[in-house]
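Okay, structure first, notes after.
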Amino acid sequence: MFSQPSLERARIIALGLVVSSSFVAAGPCDLYSSGGTPCIAAHSTTRALYSAYSGALYQVKRGSDNTTTTISPLSAGGVANAAAQDTFCASTTCLITVIYDQSGRGNHLNQAPPGGFSGPESNGYDNLASAIGAP
């Protein structure tokens, strides 16, 4: 029916597909952790950095009414739900107010407070990032 060499090639191809699909599913922080160097903080406005992460990536604030919403991945380990942000921010401006730490350690990124240099915002705070380019 099938020759021995063609069966061997089929087995190698199947094994390659299984191995490569497992690499694709792993997020960057999964890979670091497997090497013994886990992420202490994991921030991204474009994707989950762990294959199992499905929580909030970041929060945006709408300029027209100061309402906030969180943007999460489309699925665990996936990319940010850009359509949700586009709908929420339609016909107004949005600013990123929090970038959430995906590591579970609570190292969220918030607006920088005044320090040695007084920022341009009220009370010396730094500017927030525009959400137009994110994700």
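Going by the structure tokens order, chains are called A, B, ..., each with residues numbered from 1, while ligands are numbered from 1 in the order shown.
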Restrict the calculation to only C-alpha atoms, then for each residue of range 83-118 of chain A with any atom at most 10 Å from an atom of range 43-59 of chain A give the closest atom pair and their distance in Å to one decimal, rows by chain and rising residue number, as JSON lines.
{"residue": "A:Gln85", "atom": "CA", "partner": "A:Gln59", "partner_atom": "CA", "distance": 9.6}
{"residue": "A:Cys94", "atom": "CA", "partner": "A:Gln59", "partner_atom": "CA", "distance": 9.8}
{"residue": "A:Leu95", "atom": "CA", "partner": "A:Gln59", "partner_atom": "CA", "distance": 8.4}
{"residue": "A:Ile96", "atom": "CA", "partner": "A:Gln59", "partner_atom": "CA", "distance": 5.8}
{"residue": "A:Thr97", "atom": "CA", "partner": "A:Gln59", "partner_atom": "CA", "distance": 5.6}
{"residue": "A:Val98", "atom": "CA", "partner": "A:Gln59", "partner_atom": "CA", "distance": 5.1}
{"residue": "A:Ile99", "atom": "CA", "partner": "A:Tyr58", "partner_atom": "CA", "distance": 4.3}
{"residue": "A:Tyr100", "atom": "CA", "partner": "A:Leu57", "partner_atom": "CA", "distance": 5.3}
{"residue": "A:Asp101", "atom": "CA", "partner": "A:His43", "partner_atom": "CA", "distance": 5.3}
{"residue": "A:Gln102", "atom": "CA", "partner": "A:His43", "partner_atom": "CA", "distance": 6.4}
{"residue": "A:Ser103", "atom": "CA", "partner": "A:Tyr50", "partner_atom": "CA", "distance": 8.3}
{"residue": "A:Gly104", "atom": "CA", "partner": "A:Tyr53", "partner_atom": "CA", "distance": 9.9}
{"residue": "A:Asn107", "atom": "CA", "partner": "A:His43", "partner_atom": "CA", "distance": 8.9}
{"residue": "A:His108", "atom": "CA", "partner": "A:His43", "partner_atom": "CA", "distance": 7.9}
{"residue": "A:Leu109", "atom": "CA", "partner": "A:His43", "partner_atom": "CA", "distance": 8.1}
{"residue": "A:Asn110", "atom": "CA", "partner": "A:Gln59", "partner_atom": "CA", "distance": 9.9}
Could the residues in this selection be written to a file with C-alpha atoms, as a short mmCIF file (atom, residue, chain, number, x, y, z; two decimals), in the first residue's frame?
data_model
loop_
_atom_site.label_atom_id
_atom_site.label_comp_id
_atom_site.auth_asym_id
_atom_site.auth_seq_id
_atom_site.Cartn_x
_atom_site.Cartn_y
_atom_site.Cartn_z
CA GLN A 85 -11.75 49.68 21.47
CA CYS A 94 -9.33 57.86 24.03
CA LEU A 95 -6.33 57.71 26.34
CA ILE A 96 -4.69 54.63 27.84
CA THR A 97 -5.01 55.03 31.60
CA VAL A 98 -3.71 51.64 32.82
CA ILE A 99 -1.64 48.89 31.22
CA TYR A 100 -2.27 45.76 33.26
CA ASP A 101 0.44 43.39 34.46
CA GLN A 102 -0.32 39.94 33.07
CA SER A 103 2.14 38.22 35.43
CA GLY A 104 -0.31 38.29 38.33
CA ASN A 107 2.82 45.62 38.60
CA HIS A 108 0.30 47.66 36.60
CA LEU A 109 1.44 50.77 34.72
CA ASN A 110 -0.51 53.89 35.70
#
Among listed residues A:Cys39, A:Ala90, A:Ala131, A:Ala112, nearest Ile71 in chain A (using only C-alpha atoms): A:Ala131
From the list A:Leu31, A:Gly119, A:Ala83, A:Phe88, the nearest residue to Thr69 in chain A using only C-alpha atoms is A:Phe88
Would you please extract all helix (DSSP H, G or I) residues from chain A, as assigned by DSSP on the backbone, and give them as a ChimeraX atom specification? /A:4-25,28-34,82-88,122-124
If you count only C-alpha atoms, the residue of A:Gly116, A:Leu74, A:Asp30, A:Arg62 closest to Thr87 in chain A turns out to be A:Arg62
